[in-house]
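Colleague: CSV, C-alpha atoms and all ligand atoms, file data.csv:
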chain,number,residue,atom,x,y,z
B,1,MET,CA,0.0,0.0,0.0
B,2,THR,CA,1.1,3.6,-0.6
B,3,SER,CA,1.9,5.9,2.3
B,4,ARG,CA,-1.4,7.9,2.0
B,5,GLN,CA,-3.2,4.6,2.7
B,6,VAL,CA,-1.7,3.4,6.0
B,7,ARG,CA,-4.8,2.7,8.1
B,8,PHE,CA,-5.7,-0.7,6.8
B,9,THR,CA,-3.7,-3.7,5.7
B,10,THR,CA,-5.0,-5.9,2.9
B,11,GLU,CA,-5.9,-8.5,5.6
B,12,GLU,CA,-7.9,-5.9,7.6
B,13,LEU,CA,-9.8,-5.0,4.4
B,14,GLY,CA,-10.5,-8.6,3.8
B,15,SER,CA,-11.8,-9.0,7.3
B,16,LEU,CA,-14.0,-5.9,6.9
B,17,SER,CA,-15.4,-7.2,3.7
B,18,ARG,CA,-16.4,-10.5,5.4
B,19,HIS,CA,-17.9,-8.5,8.2
B,20,PHE,CA,-20.2,-6.6,5.8
B,21,GLU,CA,-21.1,-9.7,3.8
B,22,GLY,CA,-24.8,-10.2,4.2
B,23,GLY,CA,-25.4,-6.7,5.6
B,24,GLN,CA,-27.1,-3.8,3.9
B,25,PRO,CA,-25.3,-1.4,1.5
B,26,GLN,CA,-26.3,1.6,3.7
B,27,GLU,CA,-24.2,0.1,6.5
B,28,VAL,CA,-21.2,-0.2,4.2
B,29,LEU,CA,-21.7,3.4,3.0
B,30,ARG,CA,-22.0,4.7,6.6
B,31,TRP,CA,-18.6,3.0,7.4
B,32,ALA,CA,-16.9,4.1,4.2
B,33,LEU,CA,-18.0,7.7,4.3
B,34,GLY,CA,-17.4,8.0,8.0
B,35,GLU,CA,-13.9,6.6,7.6
B,36,PHE,CA,-12.7,8.4,4.4
B,37,HIS,CA,-14.8,11.5,3.6
B,38,PRO,CA,-13.8,13.9,2.0
B,39,ASP,CA,-11.1,11.6,0.6
B,40,ILE,CA,-13.6,9.2,-0.9
B,41,LEU,CA,-15.4,9.6,-4.2
B,42,LEU,CA,-18.5,7.7,-5.5
B,43,ALA,CA,-18.2,6.8,-9.2
B,44,CYS,CA,-21.5,7.1,-11.1
B,45,SER,CA,-21.8,6.7,-14.8
B,46,PHE,CA,-25.4,7.8,-14.9
B,47,GLY,CA,-25.9,4.7,-17.0
B,48,GLY,CA,-27.2,1.9,-14.8
B,49,ALA,CA,-29.5,1.7,-11.9
B,50,SER,CA,-26.8,0.6,-9.4
B,51,GLY,CA,-25.0,3.9,-9.5
B,52,MET,CA,-28.2,5.8,-9.0
B,53,ALA,CA,-29.3,3.7,-6.1
B,54,LEU,CA,-25.8,4.3,-4.5
B,55,VAL,CA,-26.0,8.1,-5.0
B,56,ASP,CA,-29.4,8.1,-3.3
B,57,MET,CA,-28.2,6.0,-0.4
B,58,ALA,CA,-25.0,7.9,0.0
B,59,ALA,CA,-26.7,11.3,-0.1
B,60,GLN,CA,-28.7,10.2,2.9
B,61,VAL,CA,-25.6,9.4,4.8
B,62,ARG,CA,-23.7,12.5,3.7
B,63,PRO,CA,-25.5,15.2,1.8
B,64,ASP,CA,-22.1,16.5,0.7
B,65,VAL,CA,-21.0,13.1,-0.7
B,66,ARG,CA,-18.5,13.6,-3.5
B,67,VAL,CA,-19.8,12.0,-6.8
B,68,PHE,CA,-17.7,11.9,-10.0
B,69,TYR,CA,-18.2,10.7,-13.5
B,70,LEU,CA,-15.9,10.2,-16.5
B,71,ASP,CA,-17.0,12.5,-19.3
B,72,THR,CA,-15.7,10.6,-22.3
B,73,GLY,CA,-17.1,13.1,-24.7
B,74,PHE,CA,-19.2,10.4,-26.2
B,75,LEU,CA,-22.0,10.1,-23.7
B,76,PHE,CA,-25.7,10.0,-24.6
B,77,PRO,CA,-27.8,13.3,-24.2
B,78,GLU,CA,-30.0,11.3,-21.7
B,79,THR,CA,-26.9,10.6,-19.6
B,80,TYR,CA,-26.1,14.3,-19.3
B,81,GLU,CA,-29.7,15.1,-18.5
B,82,LEU,CA,-29.7,12.6,-15.7
B,83,ARG,CA,-26.5,14.1,-14.3
B,84,ASP,CA,-28.2,17.5,-14.2
B,85,GLU,CA,-31.3,16.0,-12.5
B,86,VAL,CA,-29.0,14.4,-9.8
B,87,GLU,CA,-27.4,17.7,-9.2
B,88,ARG,CA,-30.8,19.4,-8.7
B,89,ARG,CA,-32.4,16.7,-6.6
B,90,TYR,CA,-29.5,16.1,-4.3
B,91,GLY,CA,-28.0,19.6,-4.3
B,92,ILE,CA,-24.6,18.4,-5.2
B,93,LYS,CA,-22.1,19.4,-7.9
B,94,VAL,CA,-21.0,16.3,-9.7
B,95,GLU,CA,-17.3,16.2,-10.5
B,96,ALA,CA,-16.5,15.6,-14.2
B,97,TYR,CA,-13.2,14.1,-15.4
B,98,GLU,CA,-12.4,14.3,-19.1
B,99,SER,CA,-9.8,12.8,-21.3
B,100,ARG,CA,-6.6,14.8,-21.9
B,101,TRP,CA,-7.4,14.1,-25.5
B,102,SER,CA,-10.4,15.9,-27.1
B,103,PRO,CA,-12.2,13.7,-29.6
B,104,GLU,CA,-10.6,15.7,-32.4
B,105,ALA,CA,-7.1,15.5,-30.9
B,106,GLN,CA,-7.6,11.7,-30.4
B,107,ALA,CA,-8.6,11.3,-34.1
B,108,ARG,CA,-5.6,13.3,-35.2
B,109,GLU,CA,-3.1,11.3,-33.1
B,110,PHE,CA,-4.6,7.8,-33.1
B,111,GLY,CA,-6.8,7.9,-36.2
B,112,GLU,CA,-10.5,8.2,-36.8
B,113,GLU,CA,-12.9,6.0,-34.8
B,114,LEU,CA,-10.3,4.5,-32.5
B,115,TRP,CA,-13.1,2.7,-30.6
B,116,SER,CA,-13.8,0.6,-33.7
B,117,ARG,CA,-10.2,-0.5,-34.0
B,118,ASP,CA,-8.7,-0.5,-30.5
B,119,PRO,CA,-11.4,0.0,-27.9
B,120,ASP,CA,-8.9,-0.9,-25.1
B,121,LEU,CA,-6.7,2.1,-26.0
B,122,CYS,CA,-9.7,4.3,-26.4
B,123,CYS,CA,-11.0,3.3,-23.0
B,124,GLN,CA,-7.5,3.8,-21.6
B,125,LEU,CA,-7.4,7.4,-22.9
B,126,ARG,CA,-11.0,8.3,-22.1
B,127,LYS,CA,-11.8,6.4,-19.0
B,128,VAL,CA,-8.8,4.8,-17.2
B,129,GLU,CA,-6.5,7.7,-17.2
B,130,PRO,CA,-9.2,10.2,-16.2
B,131,ASN,CA,-10.2,7.8,-13.4
B,132,GLN,CA,-6.6,7.8,-12.1
B,133,ARG,CA,-6.8,11.6,-12.0
B,134,ALA,CA,-10.1,11.6,-10.2
B,135,LEU,CA,-8.6,9.4,-7.5
B,136,GLU,CA,-5.4,11.3,-7.1
B,137,GLY,CA,-5.2,12.3,-3.5
B,138,ALA,CA,-8.2,10.2,-2.5
B,139,ARG,CA,-8.0,7.3,-0.1
B,140,ALA,CA,-11.0,5.4,-1.3
B,141,TRP,CA,-13.7,5.1,-4.0
B,142,ILE,CA,-17.1,3.6,-4.2
B,143,SER,CA,-18.3,1.6,-7.2
B,144,GLY,CA,-21.6,0.1,-8.1
B,145,LEU,CA,-20.1,-3.2,-9.1
B,146,ARG,CA,-22.3,-6.3,-8.5
B,147,ARG,CA,-21.4,-9.9,-8.7
B,148,ASP,CA,-24.4,-10.8,-10.9
B,149,GLN,CA,-23.5,-8.3,-13.6
B,150,ALA,CA,-20.9,-10.5,-15.3
B,151,SER,CA,-18.7,-13.6,-14.7
B,152,THR,CA,-15.7,-11.3,-14.5
B,153,ARG,CA,-17.4,-9.6,-11.4
B,154,ALA,CA,-18.5,-12.8,-9.7
B,155,ASP,CA,-15.9,-12.6,-7.0
B,156,THR,CA,-16.3,-8.9,-6.2
B,157,PRO,CA,-15.6,-8.3,-2.5
B,158,VAL,CA,-17.5,-5.6,-0.5
B,159,VAL,CA,-14.2,-4.0,0.5
B,160,GLN,CA,-10.9,-4.4,-1.2
B,161,TRP,CA,-7.5,-2.8,-1.9
B,162,ASP,CA,-7.5,-1.5,-5.5
B,163,GLU,CA,-4.0,-1.9,-6.8
B,164,SER,CA,-4.7,-0.3,-10.1
B,165,PHE,CA,-5.6,3.1,-8.5
B,166,GLY,CA,-3.8,2.8,-5.1
B,167,VAL,CA,-6.9,3.3,-3.0
B,168,VAL,CA,-9.5,1.3,-1.1
B,169,LYS,CA,-12.4,0.2,-3.2
B,170,VAL,CA,-15.8,-0.1,-1.7
B,171,ASN,CA,-18.5,-2.1,-3.5
B,172,PRO,CA,-21.6,-1.8,-1.3
B,173,LEU,CA,-23.9,-3.5,-3.8
B,174,ALA,CA,-21.5,-6.5,-4.5
B,175,ALA,CA,-24.0,-9.0,-3.2
B,176,TRP,CA,-27.2,-7.4,-4.4
B,177,THR,CA,-29.1,-8.6,-7.5
B,178,GLU,CA,-30.4,-6.5,-10.3
B,179,GLU,CA,-33.9,-7.1,-8.9
B,180,GLN,CA,-32.9,-5.7,-5.5
B,181,VAL,CA,-31.5,-2.6,-7.1
B,182,TRP,CA,-34.6,-1.9,-9.1
B,183,GLU,CA,-36.8,-2.5,-6.1
B,184,TYR,CA,-34.8,0.2,-4.3
B,185,VAL,CA,-35.0,2.5,-7.2
B,186,ARG,CA,-38.7,2.1,-7.5
B,187,GLU,CA,-39.4,2.3,-3.8
B,188,HIS,CA,-37.4,5.5,-3.4
B,189,ASN,CA,-38.4,7.0,-6.7
B,190,VAL,CA,-34.8,7.4,-7.7
B,191,PRO,CA,-34.2,8.9,-11.2
B,192,TYR,CA,-32.6,6.6,-13.8
B,193,ASN,CA,-31.5,6.8,-17.4
B,194,PRO,CA,-34.6,6.6,-19.6
B,195,LEU,CA,-32.5,4.6,-22.2
B,196,VAL,CA,-32.9,1.6,-19.9
B,197,ASP,CA,-36.6,1.5,-20.8
B,198,ARG,CA,-35.6,1.4,-24.5
B,199,GLY,CA,-33.6,-1.7,-24.1
B,200,TYR,CA,-30.2,-0.3,-23.2
B,201,LYS,CA,-29.4,-2.5,-20.1
B,202,SER,CA,-25.8,-1.2,-19.7
B,203,ILE,CA,-25.0,2.3,-20.9
B,204,GLY,CA,-21.7,3.8,-21.7
B,205,CYS,CA,-20.5,5.7,-24.8
B,206,THR,CA,-22.7,6.1,-27.8
B,207,HIS,CA,-20.2,4.4,-30.1
B,208,CYS,CA,-20.0,1.3,-27.9
B,209,THR,CA,-23.5,0.8,-26.6
B,210,ARG,CA,-26.5,-0.9,-28.3
B,211,PRO,CA,-29.8,-2.1,-26.9
B,212,VAL,CA,-29.9,-5.8,-25.9
B,213,ARG,CA,-32.5,-8.3,-27.1
B,214,ALA,CA,-34.7,-10.3,-24.7
B,215,GLY,CA,-32.6,-13.1,-23.2
B,216,GLU,CA,-29.3,-11.5,-24.0
B,217,ASP,CA,-26.7,-10.8,-21.3
B,218,PRO,CA,-27.3,-7.2,-20.0
B,219,ARG,CA,-23.7,-6.3,-20.9
B,220,ALA,CA,-24.0,-7.8,-24.4
B,221,GLY,CA,-24.7,-4.4,-25.7
B,222,ARG,CA,-21.3,-3.0,-24.7
B,223,TRP,CA,-18.5,-3.3,-27.3
B,224,SER,CA,-20.6,-5.5,-29.4
B,225,GLY,CA,-18.5,-7.4,-31.9
B,226,PHE,CA,-15.4,-7.4,-29.6
B,227,SER,CA,-14.5,-9.9,-26.9
B,228,LYS,CA,-14.0,-6.9,-24.6
B,229,THR,CA,-16.4,-6.8,-21.7
B,230,GLU,CA,-14.8,-4.3,-19.3
B,231,CYS,CA,-13.6,-0.8,-19.9
B,232,GLY,CA,-10.5,-1.4,-17.7
B,233,LEU,CA,-11.6,0.4,-14.6
B,234,HIS,CA,-12.5,-2.8,-12.7
B,235,VAL,CA,-9.8,-5.2,-14.0
B,236,PRO,CA,-7.1,-6.3,-11.6
B,237,LEU,CA,-3.6,-5.3,-12.4
B,238,ALA,CA,-2.5,-8.9,-12.9
B,239,GLU,CA,-5.1,-9.4,-15.6
B,240,LYS,CA,-4.0,-6.1,-17.3
B,241,ASN,CA,-0.4,-7.2,-17.3
B,242,PRO,CA,-0.4,-11.0,-17.5
B,243,GLY,CA,2.9,-12.7,-17.1
U,301,LIG,S1,-16.6,2.9,-24.4
U,301,LIG,FE1,-16.0,3.1,-26.5
U,301,LIG,S2,-15.9,5.3,-27.1
U,301,LIG,FE2,-16.0,5.1,-24.8
U,301,LIG,S3,-13.9,5.2,-24.2
U,301,LIG,FE3,-14.3,3.0,-24.4
U,301,LIG,S4,-13.8,2.4,-26.5
U,301,LIG,FE4,-13.9,4.7,-26.4
Go ahead and express the file in the form of structure tokens.
Modeller:
Amino acid sequence: MTSRQVRFTTEELGSLSRHFEGGQPQEVLRWALGEFHPDILLACSFGGASGMALVDMAAQVRPDVRVFYLDTGFLFPETYELRDEVERRYGIKVEAYESRWSPEAQAREFGEELWSRDPDLCCQLRKVEPNQRALEGARAWISGLRRDQASTRADTPVVQWDESFGVVKVNPLAAWTEEQVWEYVREHNVPYNPLVDRGYKSIGCTHCTRPVRAGEDPRAGRWSGFSKTECGLHVPLAEKNPG
């Protein structure tokens, strides 16, 4: 662990994760925000219901919760509208992190439509590096990862050390199912991206998101035509640099 994160060993984080297993996400958020705020940020893509449920829960624990998103420059208009609605409803200013490369500069340097040729590089430039910048100086971040979202997420702990970004990573919804998230969203009248009701079950950039058909994996609409299933934000270092 780095020097700014000296309070918990990996073993202690593992023990905390087991402690929270079976508990409610709000309990995890109370601990995390109590322990780390203001050095903790909640990542919300304004794409899926999980992030929205988390924002709603976190705002009740700390009305001044810090929420950030990665503005890739290729988001849907509905996504920006939802961001604005969140700011109004919760009275917060969502922090935006953009790529160092404007879409035009990226096209000049790496060629047109990089996402159609090398989506890993495109995600690195527009998501992973900005995410690193968002977490500079932070001690922890909160993600909406759930084990039922994909086989790559099946082992997600509630609390873990995130080697990629050098901070504690908190996944309060790790054990929740999609049904539980939607139940929460409906019960608390939480706003969500209207594209979901048009078949977009997982929403990212316009270039790499399509609606899914009945029976398809919810994430099948992301990077359709590529084996890629993750943007790189939630991939362990060992898998990014095999061997
Ligand atoms: S999701 Fe697509 S357009 Fe967005 S950063 Fe990744 S590859 Fe680029």
Colleague: Of the residues B:Glu78, B:Asp118, B:Asp197, B:Glu104, which is the one nearest to ligand LIG 301 (chain U), using all atoms listed in the file?
Modeller: B:Asp118
Colleague: Can you tell me which residues surround Ala58 in chain B at a distance of at most 12 Å, considering all atoms listed in the file, apart from same-chain residues fewer than 4 positions away, and format the answer as a PDB file with C-alpha atoms, in the coordinates of the input?
Modeller:
ATOM      1  CA  PRO B  25     -25.300  -1.400   1.500  1.00  0.00           C
ATOM      2  CA  GLN B  26     -26.300   1.600   3.700  1.00  0.00           C
ATOM      3  CA  GLU B  27     -24.200   0.100   6.500  1.00  0.00           C
ATOM      4  CA  VAL B  28     -21.200  -0.200   4.200  1.00  0.00           C
ATOM      5  CA  LEU B  29     -21.700   3.400   3.000  1.00  0.00           C
ATOM      6  CA  ARG B  30     -22.000   4.700   6.600  1.00  0.00           C
ATOM      7  CA  TRP B  31     -18.600   3.000   7.400  1.00  0.00           C
ATOM      8  CA  ALA B  32     -16.900   4.100   4.200  1.00  0.00           C
ATOM      9  CA  LEU B  33     -18.000   7.700   4.300  1.00  0.00           C
ATOM     10  CA  GLY B  34     -17.400   8.000   8.000  1.00  0.00           C
ATOM     11  CA  HIS B  37     -14.800  11.500   3.600  1.00  0.00           C
ATOM     12  CA  ILE B  40     -13.600   9.200  -0.900  1.00  0.00           C
ATOM     13  CA  LEU B  41     -15.400   9.600  -4.200  1.00  0.00           C
ATOM     14  CA  LEU B  42     -18.500   7.700  -5.500  1.00  0.00           C
ATOM     15  CA  ALA B  43     -18.200   6.800  -9.200  1.00  0.00           C
ATOM     16  CA  CYS B  44     -21.500   7.100 -11.100  1.00  0.00           C
ATOM     17  CA  GLY B  51     -25.000   3.900  -9.500  1.00  0.00           C
ATOM     18  CA  MET B  52     -28.200   5.800  -9.000  1.00  0.00           C
ATOM     19  CA  ALA B  53     -29.300   3.700  -6.100  1.00  0.00           C
ATOM     20  CA  LEU B  54     -25.800   4.300  -4.500  1.00  0.00           C
ATOM     21  CA  ARG B  62     -23.700  12.500   3.700  1.00  0.00           C
ATOM     22  CA  PRO B  63     -25.500  15.200   1.800  1.00  0.00           C
ATOM     23  CA  ASP B  64     -22.100  16.500   0.700  1.00  0.00           C
ATOM     24  CA  VAL B  65     -21.000  13.100  -0.700  1.00  0.00           C
ATOM     25  CA  ARG B  66     -18.500  13.600  -3.500  1.00  0.00           C
ATOM     26  CA  VAL B  67     -19.800  12.000  -6.800  1.00  0.00           C
ATOM     27  CA  TYR B  90     -29.500  16.100  -4.300  1.00  0.00           C
ATOM     28  CA  ILE B  92     -24.600  18.400  -5.200  1.00  0.00           C
ATOM     29  CA  ILE B 142     -17.100   3.600  -4.200  1.00  0.00           C
ATOM     30  CA  SER B 143     -18.300   1.600  -7.200  1.00  0.00           C
ATOM     31  CA  GLY B 144     -21.600   0.100  -8.100  1.00  0.00           C
ATOM     32  CA  PRO B 172     -21.600  -1.800  -1.300  1.00  0.00           C
TER      33      PRO B 172
END
Colleague: Determine the nearest neighbour of Asp71 in chain B from the options B:Arg117, B:Lys127, B:Arg139, B:Lys93, counting all atoms listed in the file.
Modeller: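 The closest residue to Asp71 in chain B is B:Lys127.
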Colleague: Dump the neighbourhood of ligand LIG 301 (chain U) as a PyMOL selection string: all residues within 12 Å, distances computed on all atoms listed in the file.
Modeller: chain B and resi 45+70-76+98-99+101-103+106-107+110+112-131+202-210+221-224+226+228-233
Colleague: Please indicate the distance in Å from CA of Val61 in chain B to CA of Glu12 in chain B, rounded to one decimal place.
Modeller: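 Distance between the two atoms: 23.6 Å.
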Colleague: Counting only C-alpha atoms, note down every residue that has an atom within 12 Å of the point (-25.3, -10.6, -12.0) (file coordinates), as an MDAnalysis selection string.
Modeller: chainID B and resid 50 144:156 173:181 217:219
